[in-house]
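Engineer: This is the structure, below, for whatever I ask next.
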Amino acid sequence: MAAPGAKPNGTTEGFEAVIDAVADLLQTAVDWLRQEAASVVQEKIVAPIQRLGLTLASASAAAALLVLGLTFVAVALFLLLAEWVGYPGALLIIGAVLMLGSVVFLVIKVRSMQK
């Protein structure tokens with residue numbers, strides 16, 4: 001006895017094979033699109049963010065070393081100036097130089113951001 005919906009010459013099996021082939025083709029297309037999307041995300045988003053993270057980490061380490069070095073230089077200058085102008089004068093001079101440096105840095109940064 002024939003299966004329900006089957007034609008006597010067996011075309012139901014051929015139709016199922018076509019449906020399976022189309023399903024396989026669609027699955028292959030979906031897999032390809034997924035792979036392409038993943039490579040685009042990796043290339044355009046993940047890699048630049050990783051480079052940015054490494055740059056920020058390096059800049060942070062360099063800034064920490066700069067601050068530590070500046071601290072030692074400031075203490076050494078403070079001790080030298082303290083012999084000449086006294087402790088309050090040395091603190092005033094070093095504080096003024098550091099404040100002037102920060103103002104110059106801020107002005108340069110603001111101008112570069114406005115460009």
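We label chains A, B, ... in the order they appear in the structure tokens, count residues from 1 in each chain, and number ligands from 1 in the order shown.
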Excluding Ile94 of chain A and residues on its chain fewer than 4 positions from it, collect all residues at most 7 Å away from it, counting only C-alpha atoms, and give them as a ChimeraX atom specification.

Structural biologist: /A:74,78,90,98

Engineer: Tell me which protein, DNA and RNA residues are within 12 Å of Leu79 of chain A, counting only C-alpha atoms, leaving out same-chain ones fewer than 3 positions away, and put them as a list in words.

Structural biologist: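 My list of contacting residues is Phe72, Val73, Ala74, Val75, Ala76, Ala82, Glu83, Trp84, Val85, Gly86, Tyr87, Pro88, Gly89, Ala90, Leu91, Ile93 and Ile94 of chain A.
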
Engineer: Atom CA of Leu68 of chain A and atom CA of Ile49 of chain A are how many Å apart?

Structural biologist: 28.4 Å

Engineer: Could you give me the residues within segment 1-87 of chain A that DSSP places in alpha helix (DSSP H), as an MDAnalysis selection string?

Structural biologist: chainID A and resid 11:41 47:87
